[in-house]
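S.K.: File structure_6.cif follows (mmCIF, N, CA and C atoms):
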```
data_input
#
loop_
_atom_site.label_atom_id
_atom_site.label_comp_id
_atom_site.auth_asym_id
_atom_site.auth_seq_id
_atom_site.Cartn_x
_atom_site.Cartn_y
_atom_site.Cartn_z
N ASP K 8 16.19 18.78 11.96
CA ASP K 8 14.99 18.12 12.44
C ASP K 8 14.09 17.78 11.25
N VAL K 9 13.50 16.62 11.34
CA VAL K 9 12.53 16.23 10.32
C VAL K 9 11.23 16.96 10.58
N GLN K 10 10.71 17.57 9.53
CA GLN K 10 9.42 18.24 9.63
C GLN K 10 8.57 17.87 8.43
N LEU K 11 7.29 17.69 8.70
CA LEU K 11 6.31 17.46 7.66
C LEU K 11 5.24 18.53 7.78
N GLN K 12 4.85 19.09 6.66
CA GLN K 12 3.83 20.13 6.68
C GLN K 12 2.78 19.85 5.63
N ALA K 13 1.59 19.54 6.08
CA ALA K 13 0.48 19.31 5.16
C ALA K 13 -0.21 20.63 4.82
N SER K 14 -0.63 20.75 3.58
CA SER K 14 -1.35 21.94 3.15
C SER K 14 -2.27 21.58 2.00
N GLY K 15 -3.11 22.53 1.62
CA GLY K 15 -3.99 22.32 0.48
C GLY K 15 -5.43 22.05 0.82
N GLY K 16 -5.74 22.00 2.10
CA GLY K 16 -7.12 21.78 2.48
C GLY K 16 -7.99 22.98 2.18
N GLY K 17 -9.28 22.80 2.30
CA GLY K 17 -10.22 23.89 2.06
C GLY K 17 -11.63 23.39 1.98
N LEU K 18 -12.49 24.26 1.50
CA LEU K 18 -13.91 23.94 1.35
C LEU K 18 -14.20 23.65 -0.12
N VAL K 19 -14.86 22.53 -0.36
CA VAL K 19 -15.18 22.15 -1.73
C VAL K 19 -16.55 21.50 -1.74
N GLN K 20 -17.24 21.62 -2.86
CA GLN K 20 -18.54 20.98 -2.98
C GLN K 20 -18.38 19.49 -3.30
N ALA K 21 -19.38 18.73 -2.94
CA ALA K 21 -19.37 17.31 -3.25
C ALA K 21 -19.17 17.12 -4.76
N GLY K 22 -18.33 16.16 -5.09
CA GLY K 22 -18.00 15.92 -6.48
C GLY K 22 -16.76 16.66 -6.95
N GLY K 23 -16.29 17.59 -6.15
CA GLY K 23 -15.13 18.37 -6.51
C GLY K 23 -13.82 17.68 -6.18
N SER K 24 -12.73 18.42 -6.38
CA SER K 24 -11.38 17.87 -6.19
C SER K 24 -10.53 18.82 -5.36
N LEU K 25 -9.58 18.23 -4.67
CA LEU K 25 -8.54 18.98 -3.96
C LEU K 25 -7.24 18.20 -4.07
N ARG K 26 -6.13 18.91 -4.01
CA ARG K 26 -4.85 18.24 -3.94
C ARG K 26 -4.13 18.69 -2.67
N LEU K 27 -3.86 17.75 -1.82
CA LEU K 27 -3.10 18.03 -0.60
C LEU K 27 -1.61 17.82 -0.88
N SER K 28 -0.80 18.62 -0.20
CA SER K 28 0.64 18.50 -0.30
C SER K 28 1.23 18.23 1.07
N CYS K 29 2.27 17.44 1.10
CA CYS K 29 3.02 17.18 2.33
C CYS K 29 4.48 17.52 2.03
N ALA K 30 4.91 18.66 2.53
CA ALA K 30 6.29 19.10 2.30
C ALA K 30 7.19 18.52 3.38
N MET K 31 8.27 17.90 2.96
CA MET K 31 9.19 17.24 3.87
C MET K 31 10.49 18.05 3.96
N SER K 32 10.91 18.38 5.16
CA SER K 32 12.18 19.07 5.34
C SER K 32 13.02 18.32 6.36
N GLY K 33 14.34 18.50 6.25
CA GLY K 33 15.23 17.77 7.13
C GLY K 33 15.19 16.28 6.86
N PHE K 34 14.83 15.95 5.64
CA PHE K 34 14.59 14.55 5.27
C PHE K 34 15.75 14.04 4.44
N SER K 35 16.46 13.02 4.96
CA SER K 35 17.60 12.49 4.22
C SER K 35 17.54 10.98 4.14
N PHE K 36 16.35 10.42 4.19
CA PHE K 36 16.19 8.98 4.18
C PHE K 36 15.94 8.49 2.77
N ASP K 37 16.51 7.34 2.44
CA ASP K 37 16.35 6.77 1.11
C ASP K 37 15.09 5.90 1.02
N ASP K 38 14.76 5.26 2.09
CA ASP K 38 13.65 4.31 2.07
C ASP K 38 12.62 4.75 3.12
N TYR K 39 11.49 5.19 2.63
CA TYR K 39 10.47 5.67 3.54
C TYR K 39 9.10 5.50 2.91
N ALA K 40 8.10 5.68 3.69
CA ALA K 40 6.73 5.70 3.21
C ALA K 40 6.04 6.92 3.81
N ILE K 41 5.19 7.51 3.03
CA ILE K 41 4.39 8.64 3.52
C ILE K 41 2.93 8.20 3.55
N GLY K 42 2.37 8.30 4.72
CA GLY K 42 0.96 7.96 4.89
C GLY K 42 0.12 9.21 5.05
N TRP K 43 -1.09 9.11 4.58
CA TRP K 43 -2.09 10.14 4.82
C TRP K 43 -3.14 9.55 5.75
N PHE K 44 -3.47 10.31 6.76
CA PHE K 44 -4.47 9.89 7.74
C PHE K 44 -5.50 11.00 7.87
N ARG K 45 -6.66 10.67 8.34
CA ARG K 45 -7.68 11.70 8.54
C ARG K 45 -8.47 11.43 9.80
N GLN K 46 -8.95 12.51 10.37
CA GLN K 46 -9.79 12.39 11.55
C GLN K 46 -11.00 13.29 11.40
N ALA K 47 -12.14 12.67 11.31
CA ALA K 47 -13.41 13.39 11.20
C ALA K 47 -13.91 13.74 12.60
N PRO K 48 -14.74 14.75 12.71
CA PRO K 48 -15.26 15.13 14.03
C PRO K 48 -15.94 13.97 14.73
N GLY K 49 -15.53 13.72 15.96
CA GLY K 49 -16.15 12.66 16.74
C GLY K 49 -15.73 11.26 16.37
N LYS K 50 -14.77 11.13 15.48
CA LYS K 50 -14.34 9.80 15.05
C LYS K 50 -12.86 9.60 15.31
N GLU K 51 -12.44 8.36 15.29
CA GLU K 51 -11.03 8.05 15.44
C GLU K 51 -10.29 8.34 14.13
N ARG K 52 -9.00 8.57 14.27
CA ARG K 52 -8.18 8.79 13.08
C ARG K 52 -8.06 7.49 12.29
N GLU K 53 -8.11 7.60 10.97
CA GLU K 53 -7.99 6.41 10.13
C GLU K 53 -6.95 6.64 9.04
N GLY K 54 -6.34 5.56 8.63
CA GLY K 54 -5.39 5.61 7.54
C GLY K 54 -6.10 5.71 6.21
N VAL K 55 -5.63 6.59 5.35
CA VAL K 55 -6.25 6.81 4.04
C VAL K 55 -5.40 6.23 2.92
N SER K 56 -4.10 6.52 2.94
CA SER K 56 -3.24 6.02 1.88
C SER K 56 -1.81 5.96 2.38
N CYS K 57 -1.01 5.22 1.64
CA CYS K 57 0.42 5.11 1.93
C CYS K 57 1.14 4.95 0.61
N VAL K 58 2.21 5.72 0.41
CA VAL K 58 3.01 5.60 -0.81
C VAL K 58 4.45 5.33 -0.40
N PHE K 59 5.08 4.41 -1.12
CA PHE K 59 6.43 3.96 -0.79
C PHE K 59 7.45 4.62 -1.70
N SER K 60 8.52 5.15 -1.10
CA SER K 60 9.54 5.84 -1.89
C SER K 60 10.31 4.87 -2.79
N SER K 61 10.41 3.61 -2.40
CA SER K 61 11.26 2.67 -3.13
C SER K 61 10.76 2.43 -4.54
N ASP K 62 9.42 2.39 -4.73
CA ASP K 62 8.90 2.10 -6.06
C ASP K 62 7.69 2.95 -6.44
N GLY K 63 7.30 3.85 -5.55
CA GLY K 63 6.15 4.71 -5.85
C GLY K 63 4.81 4.03 -5.74
N SER K 64 4.80 2.79 -5.29
CA SER K 64 3.51 2.10 -5.18
C SER K 64 2.72 2.66 -4.01
N ALA K 65 1.42 2.55 -4.10
CA ALA K 65 0.56 3.12 -3.07
C ALA K 65 -0.57 2.17 -2.73
N THR K 66 -1.06 2.28 -1.54
CA THR K 66 -2.21 1.51 -1.10
C THR K 66 -3.22 2.46 -0.48
N TYR K 67 -4.50 2.07 -0.51
CA TYR K 67 -5.56 2.97 -0.08
C TYR K 67 -6.59 2.22 0.75
N VAL K 68 -7.23 2.94 1.61
CA VAL K 68 -8.38 2.39 2.33
C VAL K 68 -9.51 2.22 1.31
N ASN K 69 -10.34 1.23 1.52
CA ASN K 69 -11.37 0.90 0.51
C ASN K 69 -12.27 2.08 0.17
N SER K 70 -12.57 2.92 1.14
CA SER K 70 -13.52 4.00 0.92
C SER K 70 -13.03 5.07 -0.05
N VAL K 71 -11.73 5.10 -0.34
CA VAL K 71 -11.21 6.13 -1.26
C VAL K 71 -10.62 5.54 -2.52
N LYS K 72 -10.59 4.23 -2.64
CA LYS K 72 -10.03 3.59 -3.83
C LYS K 72 -10.75 4.07 -5.08
N GLY K 73 -9.96 4.41 -6.10
CA GLY K 73 -10.52 4.90 -7.34
C GLY K 73 -10.80 6.38 -7.34
N ARG K 74 -10.71 7.02 -6.17
CA ARG K 74 -10.98 8.46 -6.10
C ARG K 74 -9.73 9.24 -5.68
N PHE K 75 -8.90 8.66 -4.83
CA PHE K 75 -7.71 9.33 -4.32
C PHE K 75 -6.47 8.70 -4.94
N ALA K 76 -5.42 9.51 -5.11
CA ALA K 76 -4.15 9.00 -5.61
C ALA K 76 -3.02 9.74 -4.93
N SER K 77 -2.05 8.99 -4.44
CA SER K 77 -0.90 9.58 -3.75
C SER K 77 0.36 9.39 -4.59
N SER K 78 1.20 10.41 -4.60
CA SER K 78 2.42 10.35 -5.39
C SER K 78 3.53 11.12 -4.70
N ILE K 79 4.78 10.80 -5.10
CA ILE K 79 5.96 11.45 -4.53
C ILE K 79 6.68 12.23 -5.61
N ASP K 80 7.03 13.47 -5.31
CA ASP K 80 7.88 14.27 -6.18
C ASP K 80 9.20 14.46 -5.44
N ASN K 81 10.18 13.64 -5.80
CA ASN K 81 11.46 13.70 -5.09
C ASN K 81 12.20 15.01 -5.33
N THR K 82 11.97 15.63 -6.48
CA THR K 82 12.67 16.89 -6.78
C THR K 82 12.22 18.02 -5.86
N LYS K 83 11.00 17.88 -5.34
CA LYS K 83 10.46 18.92 -4.47
C LYS K 83 10.32 18.45 -3.02
N ASN K 84 10.75 17.23 -2.75
CA ASN K 84 10.57 16.67 -1.40
C ASN K 84 9.13 16.83 -0.92
N THR K 85 8.23 16.49 -1.80
CA THR K 85 6.81 16.69 -1.52
C THR K 85 6.01 15.46 -1.93
N VAL K 86 5.04 15.11 -1.12
CA VAL K 86 4.11 14.03 -1.43
C VAL K 86 2.74 14.65 -1.60
N TYR K 87 2.03 14.17 -2.59
CA TYR K 87 0.71 14.71 -2.90
C TYR K 87 -0.38 13.67 -2.65
N LEU K 88 -1.54 14.16 -2.32
CA LEU K 88 -2.74 13.33 -2.27
C LEU K 88 -3.79 14.03 -3.13
N GLN K 89 -4.00 13.50 -4.31
CA GLN K 89 -5.02 14.02 -5.21
C GLN K 89 -6.35 13.38 -4.83
N MET K 90 -7.31 14.21 -4.51
CA MET K 90 -8.62 13.72 -4.07
C MET K 90 -9.68 14.17 -5.06
N ASN K 91 -10.31 13.22 -5.71
CA ASN K 91 -11.35 13.50 -6.70
C ASN K 91 -12.69 12.93 -6.22
N SER K 92 -13.74 13.39 -6.84
CA SER K 92 -15.10 12.91 -6.52
C SER K 92 -15.34 12.94 -5.01
N LEU K 93 -15.02 14.05 -4.42
CA LEU K 93 -15.12 14.16 -2.96
C LEU K 93 -16.55 14.04 -2.48
N LYS K 94 -16.68 13.45 -1.31
CA LYS K 94 -17.99 13.23 -0.69
C LYS K 94 -18.01 13.92 0.67
N PRO K 95 -19.19 14.25 1.16
CA PRO K 95 -19.26 14.87 2.50
C PRO K 95 -18.57 14.03 3.58
N GLU K 96 -18.59 12.73 3.44
CA GLU K 96 -17.95 11.87 4.44
C GLU K 96 -16.43 11.91 4.38
N ASP K 97 -15.88 12.60 3.39
CA ASP K 97 -14.42 12.81 3.34
C ASP K 97 -14.00 14.00 4.21
N THR K 98 -14.97 14.72 4.75
CA THR K 98 -14.66 15.86 5.60
C THR K 98 -13.88 15.40 6.82
N ALA K 99 -12.71 16.02 7.03
CA ALA K 99 -11.83 15.62 8.14
C ALA K 99 -10.61 16.52 8.15
N VAL K 100 -9.85 16.42 9.22
CA VAL K 100 -8.50 16.98 9.24
C VAL K 100 -7.58 15.89 8.70
N TYR K 101 -6.80 16.24 7.72
CA TYR K 101 -5.89 15.30 7.06
C TYR K 101 -4.46 15.55 7.53
N TYR K 102 -3.77 14.47 7.86
CA TYR K 102 -2.40 14.52 8.34
C TYR K 102 -1.51 13.67 7.44
N CYS K 103 -0.26 14.11 7.27
CA CYS K 103 0.72 13.24 6.64
C CYS K 103 1.73 12.79 7.69
N ALA K 104 2.27 11.62 7.46
CA ALA K 104 3.21 11.03 8.41
C ALA K 104 4.25 10.22 7.64
N ALA K 105 5.42 10.08 8.22
CA ALA K 105 6.50 9.36 7.56
C ALA K 105 6.91 8.13 8.36
N GLN K 106 7.12 7.07 7.64
CA GLN K 106 7.62 5.82 8.23
C GLN K 106 8.98 5.54 7.58
N ILE K 107 10.01 5.44 8.40
CA ILE K 107 11.36 5.21 7.90
C ILE K 107 11.61 3.70 7.83
N ASN K 108 12.28 3.27 6.74
CA ASN K 108 12.48 1.83 6.50
C ASN K 108 11.15 1.08 6.68
N PRO K 109 10.19 1.41 5.87
CA PRO K 109 8.82 0.94 6.11
C PRO K 109 8.64 -0.55 5.90
N THR K 110 7.66 -1.05 6.59
CA THR K 110 7.21 -2.41 6.37
C THR K 110 5.91 -2.34 5.57
N ARG K 111 5.64 -3.34 4.81
CA ARG K 111 4.44 -3.33 3.96
C ARG K 111 3.29 -4.17 4.54
N TRP K 112 3.50 -4.69 5.74
CA TRP K 112 2.48 -5.62 6.23
C TRP K 112 1.26 -4.90 6.76
N ALA K 113 1.40 -3.62 7.17
CA ALA K 113 0.24 -2.87 7.68
C ALA K 113 0.44 -1.41 7.36
N PRO K 114 0.40 -1.03 6.10
CA PRO K 114 0.79 0.32 5.69
C PRO K 114 -0.09 1.44 6.24
N LEU K 115 -1.31 1.12 6.67
CA LEU K 115 -2.20 2.16 7.18
C LEU K 115 -2.32 2.13 8.70
N TYR K 116 -1.41 1.41 9.35
CA TYR K 116 -1.41 1.36 10.81
C TYR K 116 -0.57 2.50 11.35
N GLU K 117 -1.20 3.44 12.03
CA GLU K 117 -0.50 4.66 12.40
C GLU K 117 0.60 4.42 13.42
N GLY K 118 0.54 3.34 14.15
CA GLY K 118 1.57 3.06 15.14
C GLY K 118 2.94 2.81 14.56
N LEU K 119 3.02 2.58 13.26
CA LEU K 119 4.31 2.31 12.61
C LEU K 119 4.99 3.58 12.12
N TYR K 120 4.34 4.72 12.22
CA TYR K 120 4.86 5.95 11.66
C TYR K 120 5.71 6.71 12.67
N ASP K 121 6.81 7.28 12.16
CA ASP K 121 7.82 7.89 13.03
C ASP K 121 7.66 9.40 13.18
N TYR K 122 7.19 10.04 12.14
CA TYR K 122 7.09 11.50 12.16
C TYR K 122 5.71 11.91 11.66
N TRP K 123 5.19 12.96 12.29
CA TRP K 123 3.86 13.45 11.94
C TRP K 123 3.90 14.95 11.71
N GLY K 124 3.09 15.38 10.75
CA GLY K 124 2.92 16.80 10.54
C GLY K 124 1.60 17.27 11.11
N ARG K 125 1.43 18.57 11.11
CA ARG K 125 0.14 19.14 11.50
C ARG K 125 -0.85 18.92 10.38
N GLY K 126 -2.09 18.91 10.72
CA GLY K 126 -3.12 18.61 9.74
C GLY K 126 -3.60 19.79 8.94
N THR K 127 -4.36 19.46 7.92
CA THR K 127 -5.02 20.47 7.10
C THR K 127 -6.48 20.05 6.97
N LEU K 128 -7.38 21.01 7.13
CA LEU K 128 -8.80 20.70 7.17
C LEU K 128 -9.40 20.65 5.77
N VAL K 129 -10.11 19.57 5.50
CA VAL K 129 -10.87 19.42 4.26
C VAL K 129 -12.34 19.36 4.63
N THR K 130 -13.11 20.25 4.03
CA THR K 130 -14.55 20.27 4.27
C THR K 130 -15.27 20.10 2.94
N VAL K 131 -16.11 19.09 2.86
CA VAL K 131 -16.86 18.82 1.64
C VAL K 131 -18.33 19.08 1.92
N SER K 132 -18.89 20.04 1.21
CA SER K 132 -20.29 20.38 1.42
C SER K 132 -21.18 19.60 0.47
N SER K 133 -22.39 19.31 0.94
CA SER K 133 -23.32 18.52 0.12
C SER K 133 -24.17 19.39 -0.78
#
```
Spit out the file's structure as structure tokens when you get a sec.
M.R.:
Amino acid sequence: DVQLQASGGGLVQAGGSLRLSCAMSGFSFDDYAIGWFRQAPGKEREGVSCVFSSDGSATYVNSVKGRFASSIDNTKNTVYLQMNSLKPEDTAVYYCAAQINPTRWAPLYEGLYDYWGRGTLVTVSS
């Protein structure tokens, strides 16, 4: 079975950094994308980033561009989301999800994702 497990969340002060990890197990796909999504209290879930296994390229929602970076470590079957210069508005539960044979036309559209992991809570204090 394909499983995704997000970890690395916690409490951090504004301006600080966290690195989230998404561990993939039961994963034998050559072409996939891993998206990071977040859901803040009282808000809808939104796409944050997407990284493609084929070339390592990534795309980000405007609000995190220049602050967040997503990468794939194939040797560890793990995808990372490095989050720098964190702001209180980044507070949310963060989820990772996998899209098999991904399309690039809407990388942050959650309806295209096939597998989801449980979230990890990120809290940024002001």
S.K.: Enumerate, as a VMD selection string, the residues matched when the PyMOL selection byres ((chain K and resi 42) around 6) is run on the file above.
M.R.: chain K and resid 40 to 41 43 to 44 56 to 58 102 to 106
S.K.: Could you write those residues out with N, CA and C atoms, as a PDB file, in the frame of the given file?
M.R.:
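Everything below was put into part-v4.pdb:
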```
ATOM      1  N   ALA K  40       8.100   5.680   3.690  1.00  0.00           N
ATOM      2  CA  ALA K  40       6.730   5.700   3.210  1.00  0.00           C
ATOM      3  C   ALA K  40       6.040   6.920   3.810  1.00  0.00           C
ATOM      4  N   ILE K  41       5.190   7.510   3.030  1.00  0.00           N
ATOM      5  CA  ILE K  41       4.390   8.640   3.520  1.00  0.00           C
ATOM      6  C   ILE K  41       2.930   8.200   3.550  1.00  0.00           C
ATOM      7  N   TRP K  43      -1.090   9.110   4.580  1.00  0.00           N
ATOM      8  CA  TRP K  43      -2.090  10.140   4.820  1.00  0.00           C
ATOM      9  C   TRP K  43      -3.140   9.550   5.750  1.00  0.00           C
ATOM     10  N   PHE K  44      -3.470  10.310   6.760  1.00  0.00           N
ATOM     11  CA  PHE K  44      -4.470   9.890   7.740  1.00  0.00           C
ATOM     12  C   PHE K  44      -5.500  11.000   7.870  1.00  0.00           C
ATOM     13  N   SER K  56      -4.100   6.520   2.940  1.00  0.00           N
ATOM     14  CA  SER K  56      -3.240   6.020   1.880  1.00  0.00           C
ATOM     15  C   SER K  56      -1.810   5.960   2.380  1.00  0.00           C
ATOM     16  N   CYS K  57      -1.010   5.220   1.640  1.00  0.00           N
ATOM     17  CA  CYS K  57       0.420   5.110   1.930  1.00  0.00           C
ATOM     18  C   CYS K  57       1.140   4.950   0.610  1.00  0.00           C
ATOM     19  N   VAL K  58       2.210   5.720   0.410  1.00  0.00           N
ATOM     20  CA  VAL K  58       3.010   5.600  -0.810  1.00  0.00           C
ATOM     21  C   VAL K  58       4.450   5.330  -0.400  1.00  0.00           C
ATOM     22  N   TYR K 102      -3.770  14.470   7.860  1.00  0.00           N
ATOM     23  CA  TYR K 102      -2.400  14.520   8.340  1.00  0.00           C
ATOM     24  C   TYR K 102      -1.510  13.670   7.440  1.00  0.00           C
ATOM     25  N   CYS K 103      -0.260  14.110   7.270  1.00  0.00           N
ATOM     26  CA  CYS K 103       0.720  13.240   6.640  1.00  0.00           C
ATOM     27  C   CYS K 103       1.730  12.790   7.690  1.00  0.00           C
ATOM     28  N   ALA K 104       2.270  11.620   7.460  1.00  0.00           N
ATOM     29  CA  ALA K 104       3.210  11.030   8.410  1.00  0.00           C
ATOM     30  C   ALA K 104       4.250  10.220   7.640  1.00  0.00           C
ATOM     31  N   ALA K 105       5.420  10.080   8.220  1.00  0.00           N
ATOM     32  CA  ALA K 105       6.500   9.360   7.560  1.00  0.00           C
ATOM     33  C   ALA K 105       6.910   8.130   8.360  1.00  0.00           C
ATOM     34  N   GLN K 106       7.120   7.070   7.640  1.00  0.00           N
ATOM     35  CA  GLN K 106       7.620   5.820   8.230  1.00  0.00           C
ATOM     36  C   GLN K 106       8.980   5.540   7.580  1.00  0.00           C
TER      37      GLN K 106
END
```
S.K.: Please evaluate the PyMOL selection byres (((chain K and resi 80 and name CA) around 12) and name CA) against the structure above and give the resulting residues as a PyMOL selection string.
M.R.: chain K and resi 28-31+41+58-60+63+77-79+81-88
S.K.: Using the chain letters and residue numbers of this document, give as a PyMOL selection string the residues selected by the PyMOL selection byres (((chain K and resi 117 and name CA) around 9) and name CA).
M.R.: chain K and resi 42+44+52-54+104+113-116+118-121
S.K.: What are the DSSP strand (DSSP E) residues of chain K, as a PyMOL selection string?
M.R.: chain K and resi 10-14+17-20+25-32+39-46+53-59+65-67+75-80+85-90+99-107+122-123+127-132
S.K.: Hey, what's within 7 Å of Gly33 in chain K if we count all atoms listed in the file and toss same-chain stuff fewer than 6 positions away? As a ChimeraX atom specification, please?
M.R.: /K:8-10
S.K.: Using DSSP secondary structure from the backbone, list all helix (DSSP H, G or I) positions within chain K, as an MDAnalysis selection string.
M.R.: chainID K and resid 69:71 95:97 117:119
S.K.: My list of candidates is K:Thr110, K:Ala13, K:Ser92, K:Leu18. Which is closest to Thr130 in chain K when distances are computed with all atoms listed in the file?
M.R.: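 Ranked by minimum distance to Thr130 in chain K, first place goes to K:Leu18.
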S.K.: Do you know which residues are at most 6.5 Å from Phe75 in chain K counting only N, CA and C atoms, after dropping those on the same chain fewer than 4 positions away, and could you put them as a list of chain:residue names?
M.R.: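 Residues meeting the cut-off are K:Val71, K:Leu88, K:Gln89, K:Met90, K:Asn91.
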S.K.: Would you pick out the contacts of Lys94 in chain K at 8 Å or less, using only N, CA and C atoms, so that residues sharing its chain but fewer than 2 positions from it are not included, and give the list as number ranges by chain?
M.R.: K: 20-23, 90-92, 96-98, 130-133
S.K.: Next, write the just-selected residues to a file, as a compact mmCIF listing (two decimals), in the frame of the given file, keeping N, CA and C atoms as the atom set.
M.R.:
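Result file selection02.txt:
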```txt
# COMPACT_ATOMS: atom_id res chain seq x y z
N GLN K 20 -17.24 21.62 -2.86
CA GLN K 20 -18.54 20.98 -2.98
C GLN K 20 -18.38 19.49 -3.30
N ALA K 21 -19.38 18.73 -2.94
CA ALA K 21 -19.37 17.31 -3.25
C ALA K 21 -19.17 17.12 -4.76
N GLY K 22 -18.33 16.16 -5.09
CA GLY K 22 -18.00 15.92 -6.48
C GLY K 22 -16.76 16.66 -6.95
N GLY K 23 -16.29 17.59 -6.15
CA GLY K 23 -15.13 18.37 -6.51
C GLY K 23 -13.82 17.68 -6.18
N MET K 90 -7.31 14.21 -4.51
CA MET K 90 -8.62 13.72 -4.07
C MET K 90 -9.68 14.17 -5.06
N ASN K 91 -10.31 13.22 -5.71
CA ASN K 91 -11.35 13.50 -6.70
C ASN K 91 -12.69 12.93 -6.22
N SER K 92 -13.74 13.39 -6.84
CA SER K 92 -15.10 12.91 -6.52
C SER K 92 -15.34 12.94 -5.01
N GLU K 96 -18.59 12.73 3.44
CA GLU K 96 -17.95 11.87 4.44
C GLU K 96 -16.43 11.91 4.38
N ASP K 97 -15.88 12.60 3.39
CA ASP K 97 -14.42 12.81 3.34
C ASP K 97 -14.00 14.00 4.21
N THR K 98 -14.97 14.72 4.75
CA THR K 98 -14.66 15.86 5.60
C THR K 98 -13.88 15.40 6.82
N THR K 130 -13.11 20.25 4.03
CA THR K 130 -14.55 20.27 4.27
C THR K 130 -15.27 20.10 2.94
N VAL K 131 -16.11 19.09 2.86
CA VAL K 131 -16.86 18.82 1.64
C VAL K 131 -18.33 19.08 1.92
N SER K 132 -18.89 20.04 1.21
CA SER K 132 -20.29 20.38 1.42
C SER K 132 -21.18 19.60 0.47
N SER K 133 -22.39 19.31 0.94
CA SER K 133 -23.32 18.52 0.12
C SER K 133 -24.17 19.39 -0.78
```
S.K.: In Å, how far is it from atom C of Leu11 in chain K to CA of Tyr122 in chain K?
M.R.: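 Answer for the atom C of Leu11 in chain K to CA of Tyr122 in chain K separation: 8.5 Å.
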S.K.: Box along x, y and z, 6 Å on every side, all listed atoms of range 31-34 of chain K inside: centre and edge lengths in Å to one decimal, as lines of an AutoDock Vina configuration file.
M.R.:
```
center_x = 12.0
center_y = 16.6
center_z = 5.0
size_x = 19.5
size_y = 17.0
size_z = 16.2
```
S.K.: Could you jot down the atom N of Pro109 in chain K to CA of Asn69 in chain K separation for me, Å, one decimal place?
M.R.: 22.2 Å
S.K.: Could you jot down the CA of Lys50 in chain K to CA of Gly73 in chain K separation for me, Å, one decimal place?
M.R.: 23.2 Å
S.K.: Find, counting only C-alpha atoms, the residue in K:Tyr39, K:Thr127, K:Gln46, K:Ile107 that gets nearest to Ser61 in chain K.
M.R.: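 Among the listed residues, the smallest separation from Ser61 in chain K belongs to K:Tyr39.
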S.K.: For Pro48 in chain K, which residue among K:Asn108, K:Leu25, K:Ala99, K:Gly124 is the nearest when counting only C-alpha atoms?
M.R.: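 Result for the nearest residue to Pro48 in chain K: K:Ala99.
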S.K.: When you get a chance, write out all heavy atoms for range 52-56 of chain K, as a short mmCIF file (atom, residue, chain, number, x, y, z; two decimals), in the coordinates of the input.
M.R.:
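File written: out-v5.cif
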```cif
data_model
loop_
_atom_site.label_atom_id
_atom_site.label_comp_id
_atom_site.auth_asym_id
_atom_site.auth_seq_id
_atom_site.Cartn_x
_atom_site.Cartn_y
_atom_site.Cartn_z
N ARG K 52 -9.00 8.57 14.27
CA ARG K 52 -8.18 8.79 13.08
C ARG K 52 -8.06 7.49 12.29
O ARG K 52 -7.91 6.41 12.89
CB ARG K 52 -6.81 9.31 13.49
CG ARG K 52 -5.95 9.79 12.33
CD ARG K 52 -4.85 10.71 12.81
NE ARG K 52 -3.97 10.09 13.78
CZ ARG K 52 -3.03 10.76 14.45
NH1 ARG K 52 -2.89 12.06 14.26
NH2 ARG K 52 -2.27 10.13 15.31
N GLU K 53 -8.11 7.60 10.97
CA GLU K 53 -7.99 6.41 10.13
C GLU K 53 -6.95 6.64 9.04
O GLU K 53 -6.72 7.77 8.60
CB GLU K 53 -9.34 6.06 9.48
CG GLU K 53 -9.82 7.04 8.45
CD GLU K 53 -10.98 6.53 7.59
OE1 GLU K 53 -11.23 5.30 7.59
OE2 GLU K 53 -11.60 7.36 6.91
N GLY K 54 -6.34 5.56 8.63
CA GLY K 54 -5.39 5.61 7.54
C GLY K 54 -6.10 5.71 6.21
O GLY K 54 -7.09 5.00 5.98
N VAL K 55 -5.63 6.59 5.35
CA VAL K 55 -6.25 6.81 4.04
C VAL K 55 -5.40 6.23 2.92
O VAL K 55 -5.91 5.52 2.05
CB VAL K 55 -6.47 8.31 3.80
CG1 VAL K 55 -7.01 8.56 2.39
CG2 VAL K 55 -7.41 8.89 4.85
N SER K 56 -4.10 6.52 2.94
CA SER K 56 -3.24 6.02 1.88
C SER K 56 -1.81 5.96 2.38
O SER K 56 -1.45 6.57 3.39
CB SER K 56 -3.31 6.92 0.65
OG SER K 56 -2.66 8.15 0.90
#
```
